[in-house]
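Colleague: Let me begin by handing over the structure; questions about it come next.
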Amino acid sequence: MSEQQQLDTVAYAAATPDMEQPWKELGLKEDEYLRIREILGRRPTDAELAMYSIMWSEHCSYKSSKVHLGYFGETMTDEMRQNLLAGIGENAGVVSIGDDWAVTFKVESHNHPSYVEPYQGAATGVGGIVRDIMAMGARPVAVMDQLRFGPSDATDTKRVLPGVVAGVGGYGNCLGLPNIGGETVFDDTYAGNPLVNALCVGTMRVDDLHLAFASGKGNKVILFGSATGLDGIGGVSVLASETFDDTPDETGAKPHKKLPSVQVGDPFAEKVLIECCLDLYHAGVVVGIQDLGGAGLSCATSELAAAGDGGMHVDLDKVPMRAKGMTPAEVLSSESQERMCAVVAPENVDAFMAICDKWDVQATVIGEVTDGDHLVIDWYGETVVDAVAHTIAHEGPVYNRPIEYPAWQDALKADTTAQLARPADADELRDTLYQMLACEDLCSRRFVVEQYDRYVRGNTIEAENADAGVLRIDEKTGRGIALATDASGRYTYLDPYTGAQLAFAEAYRNVAATGARPVAVTNCLNFGNPEEPAIMWQFKEAVHGLADACAYCAIPVTGGNVSFYNKTGDTSILPTPLAGVLGVIDNVDDAIGTAFGSAPMESIFLLGETKDEFDGSIWAKTVHQHLGGVPPRVDLAHEKKLAEFMVEAAKAGTVSAAHDLSEGGLAQAVVESALSGNVGVTITLPEGSDPFVQLFSESAGRILVAVPRDQETAFTAQVEEYGLPCTRIGVVEESATVTVQGQLAERLEDLRQAWEGTLPALFANA
């Protein structure tokens, strides 16, 4: 050991109160550093300073968002809690779905690391969220991803997108987890700051639920999985807590402020770790468990101790290390992947070790649960950390940051699409259709999703071209789940409250369109710099919009993630609150897909009302490069009724296909469903209506459905019972043409070429 390692103990820290420390370089504010000294009654050791700085970072402590996230709890009712087994504050939310089954799901961001090193940033984002699911006692069964990049034709997008997609696919495919859906979005504001939001869902029996806490004096603390290295030192916890700086230096270069090592993943090690954990749970040898992700051992030890009924003592030098000469601070800060920390009763340690040995997983007793509330960490017999665990894990600063309605917001709202030129005749309408189909926002994502294994494990019912991913959970009963994730930065920029509700409503509607009943929500809230009052106004409004929508629909927010400082230079990302909705379907045989032609002789109906709503639309962006006005109206009562109707229609078998209408409107939905089924369609628009509005409006609360001719009477009776607006607009035909009577007639071959050609042309050789 070096002299510094020997000297910087708790005793030495108490004897050298005036020693200068790099608190600013570690991301702490001066008042935060002084608060740490006040808590400890002395200056912190190097190891303590590392722990506090990481655990008090924006990424780990939610110090700028806590005061607003509490609104999710304030709006939670007893009805919403009824099937909630674990919620906000746990590694992942868990809900009971019946028949003794429980489902856990969560989404997290890995944005900044994925810009620095796209492949590993995205891959370890998947690995981290999978371990969150494992830590709840569940088997991970599927993943999803929400990706946002700069313009599709930008040079740097051609660096970032292929790496991110390869990382998501490479890690998930190696784990044997199907990727059942997501989004890939392009916008100027994400250039230099892509969003990589990864979701994982897992299943378990209700009694298999495990939580993260250290309980029982004398119980052993066991670290198992991969060895600890220097990769990921200050990784996501630092990168996610500060904006990228593009201020040129004297050479003209634009370096980033902080470029710590991005974590390096090993999916094969994680696959073995999954099976090992499941065996450990089945054997009943785990008291509490925590994954090691952001903040590494600093997080795992402090949070386990803080959540338990005692303290914890750790011999840090017993941690298996794959790098020589690591300091205590480095060991505590490392974000090396594929590691878990468990609390085990002494009498079960041998059994625990035997199971780890069976799977060839390295496991080491590094400490034990103690009396009191202190986390004490020794390094070769010297105490380098001695602090109340709760102060590290949960007593970070809480900022009620200034909130200010942006000075530019009124002008933005007033800048509507009313003055924009619209197609004047059938030829211009046809040109608009092809321009929209081929644009970066609406073109086929096949180039991306074909790099993912969507059907591994054999339980995927719906994935590619589906409104929501559908999975079979129980092979005996056919019980399944549906998952959809949605976000609209453009709508949220125009109106954060409404934009967040539109994201929720679309995910909610997408789940319902499959015939599943929405039961729970997770979220990932991606915003700019919280130190800017306008950003905090956006954030607060979005949180309230999402919480109010969930409360109205009586489904709980089970947890989520906040990602701030998504800003490069002077450019903040569009505010992007992501909503992930989980649904339950009693029998996946009843699940509804999006492809027309799955039943003979289908009629096409449109549920919901179409209004002249184009502000924030993809048409405005693609054709006019415009963003302004107010987003489409949200009618939550209608959305709830529509969802209830779709669940009943699926059970009754009156609907053979369904496709949510959102970006691109009716034209996009009709073409996608026709191409998915490779069948022709003839559409008749309402007499006297504006064809452009009918085809391209992005009004919410609409679903396009195909109904077998022999089910039309039963279907219309159901519609009348629910009091839903419904219009018969066409038929499915044995042809190779999509026809809008009086306007256009286009060959499927031409439509497919326009829709599927864009991304391969841009990225196939990137």
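Each chain of the structure tokens is named A, B, ... in the order shown, its residues numbered from 1; ligands are numbered from 1 in display order.
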Which residues of segment 640-665 of chain A come within 9 Å of segment 466-488 of chain A, and for each one, what is the closest pair of atoms and their distance in Å to one decimal, counting only C-alpha atoms, sorted by chain and residue number, as CSV?
Modeller:
```
residue,atom,partner,partner_atom,distance
A:Ala658,CA,A:Asp467,CA,8.5
A:His659,CA,A:Asp467,CA,6.5
A:Asp660,CA,A:Asp467,CA,6.7
```
Colleague: At a cut-off of 10 Å, can you tabulate as JSON lines every residue of segment 317-434 of chain A near segment 36-54 of chain A together with its closest atom pair and the distance in Å to one decimal, using only C-alpha atoms and ordering rows by chain then number?
Modeller:
```
{"residue": "A:Thr327", "atom": "CA", "partner": "A:Ala47", "partner_atom": "CA", "distance": 8.4}
{"residue": "A:Pro328", "atom": "CA", "partner": "A:Ala47", "partner_atom": "CA", "distance": 5.8}
{"residue": "A:Ala329", "atom": "CA", "partner": "A:Ala47", "partner_atom": "CA", "distance": 4.2}
{"residue": "A:Glu330", "atom": "CA", "partner": "A:Ala47", "partner_atom": "CA", "distance": 8.0}
{"residue": "A:Val331", "atom": "CA", "partner": "A:Ala47", "partner_atom": "CA", "distance": 9.0}
{"residue": "A:Leu332", "atom": "CA", "partner": "A:Met51", "partner_atom": "CA", "distance": 7.0}
{"residue": "A:Ser333", "atom": "CA", "partner": "A:Ala50", "partner_atom": "CA", "distance": 6.7}
{"residue": "A:Ile377", "atom": "CA", "partner": "A:Ala47", "partner_atom": "CA", "distance": 9.2}
{"residue": "A:Thr383", "atom": "CA", "partner": "A:Thr45", "partner_atom": "CA", "distance": 9.7}
{"residue": "A:Val384", "atom": "CA", "partner": "A:Ala47", "partner_atom": "CA", "distance": 6.2}
{"residue": "A:Val385", "atom": "CA", "partner": "A:Glu48", "partner_atom": "CA", "distance": 5.6}
{"residue": "A:Asp386", "atom": "CA", "partner": "A:Glu48", "partner_atom": "CA", "distance": 8.0}
{"residue": "A:Ala387", "atom": "CA", "partner": "A:Leu40", "partner_atom": "CA", "distance": 6.7}
{"residue": "A:Val388", "atom": "CA", "partner": "A:Leu40", "partner_atom": "CA", "distance": 8.5}
{"residue": "A:Thr391", "atom": "CA", "partner": "A:Ile39", "partner_atom": "CA", "distance": 7.7}
{"residue": "A:Ile392", "atom": "CA", "partner": "A:Tyr52", "partner_atom": "CA", "distance": 5.6}
{"residue": "A:Ala393", "atom": "CA", "partner": "A:Tyr52", "partner_atom": "CA", "distance": 8.2}
{"residue": "A:Glu395", "atom": "CA", "partner": "A:Tyr52", "partner_atom": "CA", "distance": 9.8}
{"residue": "A:Gly396", "atom": "CA", "partner": "A:Tyr52", "partner_atom": "CA", "distance": 8.1}
```
Colleague: For N, CA and C atoms, I'd like the residues from the last selection saved as a compact mmCIF listing (two decimals), in the first residue's frame.
Modeller:
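See again_13.txt below for the written result:
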```
# COMPACT_ATOMS: atom_id res chain seq x y z
N THR A 327 -7.21 1.85 -4.92
CA THR A 327 -7.40 2.49 -3.62
C THR A 327 -8.79 2.17 -3.09
N PRO A 328 -9.03 2.37 -1.80
CA PRO A 328 -10.38 2.15 -1.28
C PRO A 328 -11.43 2.97 -2.01
N ALA A 329 -11.10 4.22 -2.31
CA ALA A 329 -12.06 5.07 -3.03
C ALA A 329 -12.38 4.50 -4.39
N GLU A 330 -11.40 3.94 -5.08
CA GLU A 330 -11.63 3.37 -6.40
C GLU A 330 -12.47 2.11 -6.32
N VAL A 331 -12.21 1.28 -5.32
CA VAL A 331 -13.00 0.06 -5.15
C VAL A 331 -14.46 0.41 -4.87
N LEU A 332 -14.68 1.42 -4.04
CA LEU A 332 -16.04 1.83 -3.70
C LEU A 332 -16.75 2.53 -4.86
N SER A 333 -15.98 3.17 -5.73
CA SER A 333 -16.57 3.95 -6.82
C SER A 333 -16.73 3.15 -8.11
N ILE A 377 -16.20 0.65 7.15
CA ILE A 377 -15.45 -0.06 6.11
C ILE A 377 -13.97 0.00 6.44
N THR A 383 -9.57 1.62 9.38
CA THR A 383 -10.92 2.08 9.09
C THR A 383 -10.88 3.30 8.18
N VAL A 384 -11.48 3.15 6.99
CA VAL A 384 -11.46 4.24 6.02
C VAL A 384 -12.84 4.88 5.85
N VAL A 385 -13.88 4.22 6.36
CA VAL A 385 -15.23 4.79 6.34
C VAL A 385 -15.89 4.48 7.67
N ASP A 386 -16.46 5.50 8.29
CA ASP A 386 -17.25 5.31 9.51
C ASP A 386 -18.31 6.40 9.53
N ALA A 387 -19.50 6.05 9.04
CA ALA A 387 -20.57 7.04 8.91
C ALA A 387 -21.92 6.37 9.09
N VAL A 388 -22.91 7.14 9.50
CA VAL A 388 -24.27 6.63 9.56
C VAL A 388 -24.71 6.34 8.12
N THR A 391 -27.08 8.61 6.19
CA THR A 391 -26.62 9.93 5.72
C THR A 391 -25.96 9.84 4.35
N ILE A 392 -25.38 8.69 4.06
CA ILE A 392 -24.78 8.50 2.74
C ILE A 392 -25.87 8.23 1.71
N ALA A 393 -26.78 7.32 2.03
CA ALA A 393 -27.76 6.84 1.06
C ALA A 393 -28.95 7.76 0.87
N GLU A 395 -29.58 11.10 2.85
CA GLU A 395 -29.61 12.45 3.39
C GLU A 395 -28.83 13.44 2.53
N GLY A 396 -28.81 13.16 1.25
CA GLY A 396 -28.20 14.11 0.33
C GLY A 396 -29.01 15.39 0.27
```
Colleague: As a PyMOL selection string, please: the residues near segment 134-141 of chain A (cut-off 8 Å, only C-alpha atoms, same-chain neighbours under 6 positions excluded).
Modeller: chain A and resi 91-92+103-104+177-178+200-204+208-212+274+277-278+281+289-291
Colleague: Which of these residues is nearest to Val221 of chain A, using only C-alpha atoms: A:Met340, A:Thr157, A:Ala142, A:Ile129?
Modeller: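 Among the listed residues, A:Met340 lies closest to Val221 of chain A.
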Colleague: Mind dumping a table of every segment 329-421 of chain A residue within 12 Å of segment 496-519 of chain A, with the nearest atom pair and its distance in Å to one decimal, using only C-alpha atoms, sorted by chain and rising number, as JSON lines?
Modeller:
```
{"residue": "A:Tyr405", "atom": "CA", "partner": "A:Pro496", "partner_atom": "CA", "distance": 11.1}
{"residue": "A:Pro406", "atom": "CA", "partner": "A:Pro496", "partner_atom": "CA", "distance": 11.7}
{"residue": "A:Gln409", "atom": "CA", "partner": "A:Pro496", "partner_atom": "CA", "distance": 10.7}
{"residue": "A:Lys413", "atom": "CA", "partner": "A:Pro496", "partner_atom": "CA", "distance": 11.9}
```
Colleague: DSSP on the backbone: which residues in segment 328-359 of chain A end up as strand (DSSP E)? Give the answer as a count of residues only.
Modeller: 6
Colleague: Check the smallest atom-to-atom distance from each of A:Gln120, A:Ser699, A:Asn348, A:Ser563 to Leu607 of chain A using only C-alpha atoms, then report the winner.
Modeller: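 For Leu607 of chain A, the nearest of the candidates is A:Ser699.
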Colleague: Could you work out how far atom CA of Asp427 of chain A lies from atom CA of Gly608 of chain A, giving the answer in Å with one decimal?
Modeller: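 If I compute the distance from atom CA of Gly608 of chain A to atom CA of Asp427 of chain A, I get 27.9 Å.
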